[in-house]
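Asks: Dumping the structure here so I can ask a few things about it.
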Amino acid sequence: MPSGSKIFSGYRALGFVSDHVPLATRYNKRLKENFVITSVGNAFHTYNCSRLGITNISDKHPDSITCIAVNNRYVFTGCGNQIRAFKRSKQLVRSFEGHSVEVHLLLPFGNHLISVDIHSNLKIWDVENGSVYLEMEFSNSTFHITALVHPSTYLNKIVLGSKQGTLQLWNILKDKMLYSFTGWSSPVTVLQQSPAVDVIAVGLSDGRTILHNIKYDETIMHFQQDWGPVSAISFRTDGHPIMVTGSTIGHIALWNLEEKKLQSQIRNAHQSTVSGMNCLPSEPLMVTSAADNSLKVWIFDLPDGGGRLLRQRSGHSAPPNLIHHYGNNGKNILSAGQDSVLRSFSTLHDSENKSLGRASFNKAETKRTGLQKDRHMMPPITAFAAEVSRASDWDNIVACHRGLAQVTTWNYQRGTMGKFRLCHPRFEEKAYQSATAQCVDISSCGNFCVIGYSSGHVDKYNLQSGIHRGSLGDPSHSCSVVGVAVDGMNQILVTAGLDGEICFWGFKKHQRIDSLHMDNYISGIVLHRESSMLAVSMDNFGIIVVDLDTRRVVRKFHGHSNKVTGVSFSPDARWLISASMDCTVRIWDLPSGRLVDCFSTEMAVTSLSMSPTADFLVTCHVDSVGLYTWYNKTLLSLVSLTPLPDDFQPQEVDLPDTQFTATDQPETEGDDSPEETEDYASPEQLSAELVTLSLLPNSRWQNLLNLDIIKMRNKPKEPPKVPKAAPFFLPTIPGLQPKFAAPEKGDEDTKSLSKADLSRFNSLSELGRKLEQDQTGELALDYLKQLGPSAVDMEIRCLGPEAGGSVPIMCRFLEMISHVLDTKRDFEIGNAYLGLFLKIHGDTISSEPEVVEVLREVKRRLNGTWSCVQDLFTLNLTLLTHLRTVKI
């Protein structure tokens with residue numbers, strides 16, 4: 001068996017921007033551009049600060065990155081107990097191994113690199129040869145290193161900050177401690193060099209920021225922020241005496257060092273701890289990052305000297321719980337996260353990603369007060385539906401929220417919440433105040449949405465006006481409605497109750513048509529409108545497929561061992577893809593009713609969606625803020641989809657990283673399966689009983705009988721005007737592919753013609769000459785396949801006696817058609833050429849008994865071939881009817 005999945009292979013992860021690791025910045029002198037490096041788990045991204053466009057993605061790390069540092073040549077990352085050096089911001093060039101525990105601090109120091117692990121073991125590495133220059137060990141009980149900095153102009157010296165609150169100045173060349181600072185009775189969180197020599201900024205966990213002169217061991221000034229520990233410090237270097245500090249709750253403070261006061265503040269800059277902060281050199285710009293998966297650039301141009309958000313790049317700050325493809329091109333993915341934000345991710349380029357905003361009861365008040373601790377924030381989205389039919393006219397997305405009966409509308413084109421809050425007046429009554437909206441669907445026309453509630457009611461609304469257009473039943477179910485679906489023709493509305501009952505309703509008159517009762521509770525439904533197949537996930541971890549036309553169960557799938565979290569159909573409804581909390585993804589073949597592929601992941605899948613173009617499968621997982629795309633290998637190569645045994649044990653596959661993956665996962669040792677390793681070449685004809693069509697486009701043969709009508713329609717209204725000076729041109733040969741005509745030979749060449757060359761004066765056309773040369777007519781057929789419709793019409797006309805042909809040549813043409821019917825290859829073009837031949841030479845054929853006799857033989861063979869084709873059609877239609885109507 002091949003490793004992993006036979007059908008899907010990891011491609012790329014979307015939606016990752018930054019995490020809790022502080023960012024690093026560097027200036028490229030050649031490009032005259034600032035770049036910022038952020039960690040995204042087991043890789044890091046490089047962005048340009050001018051547009052926040054991603055420029056590089058590093059190679060994959062074996063584990064999550066714990067710290068990042070840069071110098072003018074390399075990017076250094078800490079990953080577990082290893083340190084890695086990357087060149088050109090993506091290529092691994094060297095690894096440093098020696099720490100026994102996780103590395104959490106890095107500091108480039110000239111040609112050396114200083115690293116500190118969580119046990120406070122400090123090592124100094126020679127960057128070029130990877131050797132250890134110096135090693136110092138500290139005890140966490142007496143001096144737990146939490147920060148370090150190299151003071152400017154202090155040769156071979158560093159300052160270490162500890163959790164105990166004390167500081168130490170060390171000479172690393174002589175391995176000697178020069179001085180110990182008593183500290184301020186609070187753990188040190190950040191150390192940062194100020195623009196002034198001998199002065200460093202010390203951030204403490206009690207919210208104080210100390211500017212300390214290490215030469216005289218004097219505190220110059222101190223500032224107090226009331227937002228908790230100081231998480232980051234930076235200084236402006238564009239001529240303004242401003243120090244910027246970050247806090248653990250996402251606020252940023254700007255301190256005036258000359259006036260020793262708070263200059264300004266940026267509240268709610270991030271939704272979590274400001275982990276990374278850096279003011280760009282000699283520019284009024286600042287870059288910040290946080291664990292809320294966002295990277296922001298601020299510009300200091302406000303009247304009070306405060307910062308304004310200039311540009312940002314962000315993703316979900318909490319794991320997404322529901323994803324759907326938007327549109328029919330499969331390039332955009334809608335994602336609803338636990339942060340109550342609805343986002344759109346593009347599979348083409350990250351610059352096309354956009355946020356539709358965070359759900360709010362009062363959008364205007366939220367915008368005025370800010371997003372942090374927003375009292376108007378709505379609960380996360382639990383279900384949503386989108387339709388592109390009327391996206392440019394009105395709101396085209398409808399979403400249900402956790403614990404609310406109110407349903408919100410969203411507008412994809414404007415990228416914001418809609419103007420309607422759909423809620424029936426009955427839910428204001430005391431009896432239904434605890435009811436919540438559970439499921440929603442939008443009709444294919446984009447005019448109506450249908451909402452199912454936990455109270456058993458189902459309501460229909462008009463999306464253009466937001467007016468209630470009726471309810472189904474009173475109520476529709478005696479239990480909670482867990483699924484609603486509208487068919488593609490707006491004729492049937494399907495509702496599913498928690499108790500296992502599926503009801504079919506008339507969409508217009510809201511009358512109940514039929515019902516179907518399941519043996520187990522239902523957890524959700526998914527409808528494939530093109531095939532009218534309804535997938536029903538059950539509480540017993542099984543999946544049932546119902547045919548909407550016959551309203552019967554046609555398939556049952558069992559194999560998951562935990563709750564089914566996501567179900568999706570392939571565009572042709574051949575596969576049913578399901579995911580479960582047992583961390584497996586299973587692909588079921590609907591025609592055969594068998595499991596054809598299965599793989600497992602490290603984290604359970606919470607939702608999945610198959611692209612409408614069948615090229616990508618997208619999944620989101622527990623405790624992950626990103627979306628993972630898997631490409632369909634069956635579109636690129638032949639994949640043997642043999643059914644898997646019932647006791648098949650799936651293999652775990654790695655989740656894709658943020659870098660594009662161009663190759664499949666390597667095969668395991670001993671994998672010698674010929675169907676997976678050898679290339680398969682299809683024969684010209686699979687079987688003698690089958691009819692094989694040619695590979696010609698329809699435009700080459702479909703309109704042969706209507707050429708006279710097409711020429712009459714395309715006839716110019718006015719004769720072409722002769723230009724004053726005809727331009728020079730090279731003579732070409734008429735045909736679909738332009739070819740230059742050979743130059744005419746002179747008189748001296750005509751004298752040397754041999755007797756064999758006199759064949760060019762033969763009155764037969766090129767097609768007639770090829771029919772004379774070959775008894776089977778394959779040469780003539782290949783010649784006709786290269787011509788366009790007009791050229792084919794001319795060649796067949798030239799077969800008649802009045803156009804230079806002859807009766808034997810006409811018989812040879814019919815014998816060629818007989819050969820096509822016998823071999824059953826190029827079947828459609830053979831019939832097209834025969835029809836054109838009969839249309840053109842019908843009168844000549846009726847007067848020539850020899851041609852009539854050959855034509856009778858052609859008719860006999862044609863009837864025999866068509867009877868075989870009709871029998872195959874009947875057999876396949878009977879089999880399909882049986883598969884659609886059989887009850888399992």
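We name chains A, B, ... following the order of the structure tokens; residues begin at 1 in each chain, and ligands are numbered from 1 as shown.
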Please provide the set of residues having any atom within 12 Å of Thr550 (chain A), restricted to only C-alpha atoms, with same-chain residues fewer than 5 positions apart removed, written as number ranges by chain.

Replies: A: 504, 514-516, 532-534, 545, 881-887

Asks: Got a sec: who's within 6 Å of Val75 (chain A), counting only C-alpha atoms, leaving out chain neighbours fewer than 2 positions off, as a list in words?

Replies: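 Near Val75 (chain A), the qualifying residues are Val70, Ala85 and Phe86 of chain A.
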
Asks: Write out as a list in words which residues come within 9 Å of His112 (chain A) when counting only C-alpha atoms, dropping same-chain ones fewer than 2 positions away.

Replies: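 Listed by chain and then number, they are Leu107, Pro108, Phe109, Gly110, Ile114, Ile124, Trp125, Asp126, Val127, Glu128 and Tyr133 of chain A.
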
Asks: With a distance cut-off of 7 Å and only C-alpha atoms, select the neighbouring residues of Met243 (chain A), excluding the residue or stretch itself and same-chain residues fewer than 6 positions from it, and output the selection as a list in words.

Replies: Ser234, Phe235, Arg236, Leu254, Trp255, Asn256 and Leu257 of chain A

Asks: When DSSP works through the backbone of this structure, what residues of region 422-663 of chain A end up as helix (DSSP H, G or I), shown as a list in words?

Replies: Pro425, Arg426, Phe427, Glu428, Lys430, Ala431, Tyr432, Lys633, Thr634 and Leu635 of chain A

Asks: What is the CA of Thr409 (chain A) to CA of Leu463 (chain A) distance in Å?

Replies: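 Taking CA of Thr409 (chain A) and CA of Leu463 (chain A), their separation equals 8.4 Å.
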
Asks: Do a neighbour search on region 376-380 of chain A at 7 Å with only C-alpha atoms, toss out local chain neighbours closer than 5 positions, and write the hits as a PyMOL selection string.

Replies: chain A and resi 337-340+359-362+366+401-402

Asks: Can I get the residues of region 117-197 of chain A within 12 Å of region 269-279 of chain A, each with the closest pair of atoms and their distance in Å to one decimal, using only C-alpha atoms, sorted chain first then ascending number, as JSON lines?

Replies:
{"residue": "A:Thr189", "atom": "CA", "partner": "A:Ser275", "partner_atom": "CA", "distance": 11.1}
{"residue": "A:Val190", "atom": "CA", "partner": "A:Ser275", "partner_atom": "CA", "distance": 10.5}
{"residue": "A:Gln192", "atom": "CA", "partner": "A:Asn278", "partner_atom": "CA", "distance": 10.6}
{"residue": "A:Ser194", "atom": "CA", "partner": "A:Cys279", "partner_atom": "CA", "distance": 11.8}
{"residue": "A:Pro195", "atom": "CA", "partner": "A:Cys279", "partner_atom": "CA", "distance": 11.9}

Asks: Could you write those residues out with C-alpha atoms, as a PDB file, in the first residue's frame?

Replies:
ATOM      1  CA  THR A 189      10.878  40.673  30.713  1.00  0.00           C
ATOM      2  CA  VAL A 190      12.602  42.840  28.069  1.00  0.00           C
ATOM      3  CA  GLN A 192      16.438  47.046  24.801  1.00  0.00           C
ATOM      4  CA  SER A 194      18.211  53.057  23.689  1.00  0.00           C
ATOM      5  CA  PRO A 195      19.520  55.591  21.114  1.00  0.00           C
TER       6      PRO A 195
END

Asks: So that I can see what lies close to Leu595 (chain A), please list as number ranges by chain the residues with an atom at most 6 Å from it, counting only C-alpha atoms and leaving out residues fewer than 5 positions away in the same chain.

Replies: A: 588, 643-644

Asks: Write out as JSON, numbers by chain which residues come within 12 Å of Gln82 (chain A) when counting only C-alpha atoms, dropping same-chain ones fewer than 6 positions away.

Replies: {"A": [61, 62, 63, 64, 65, 66, 67, 76, 94, 95, 96, 97, 98, 99, 100, 101, 102, 103, 104, 105, 106, 115, 116, 117, 123, 130]}

Asks: Of the candidates A:Ile543, A:Ala391, A:Ala291, A:Cys79, which shows the shortest atom-to-atom distance to Asn42 (chain A), using only C-alpha atoms?

Replies: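 Of all the options, A:Cys79 lies closest to Asn42 (chain A).
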
Asks: Select from region 557-633 of chain A everything DSSP, run on the backbone, classes as strand (DSSP E), then give the selection as an MDAnalysis selection string.

Replies: chainID A and resid 557 564:569 575:580 584:589 594:600 605:610 616:621 627:632

Asks: How far is it from CA of Cys620 (chain A) to CA of Pro591 (chain A), in Å with one decimal?

Replies: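 Calculated distance between CA of Cys620 (chain A) and CA of Pro591 (chain A) is 27.9 Å.
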
Asks: Choose the residue, out of A:Gln265, A:Ser806, A:Ser89, A:Asn321, that has the smallest atom-to-atom separation from Asp59 (chain A); count only C-alpha atoms.

Replies: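 When distances to Asp59 (chain A) are compared using only C-alpha atoms, the smallest one comes from A:Ser89.
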
Asks: Compare A:Lys785, A:Lys859, A:His457, A:Lys509 by their minimum atom-to-atom distance to Phe427 (chain A), counting only C-alpha atoms, and give me the closest one.

Replies: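 Using only C-alpha atoms, the shortest distance to Phe427 (chain A) belongs to A:His457.
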
Asks: Calculate how many Å separate CA of Ile210 (chain A) from CA of Thr237 (chain A), rounding to one decimal.

Replies: 18.8 Å
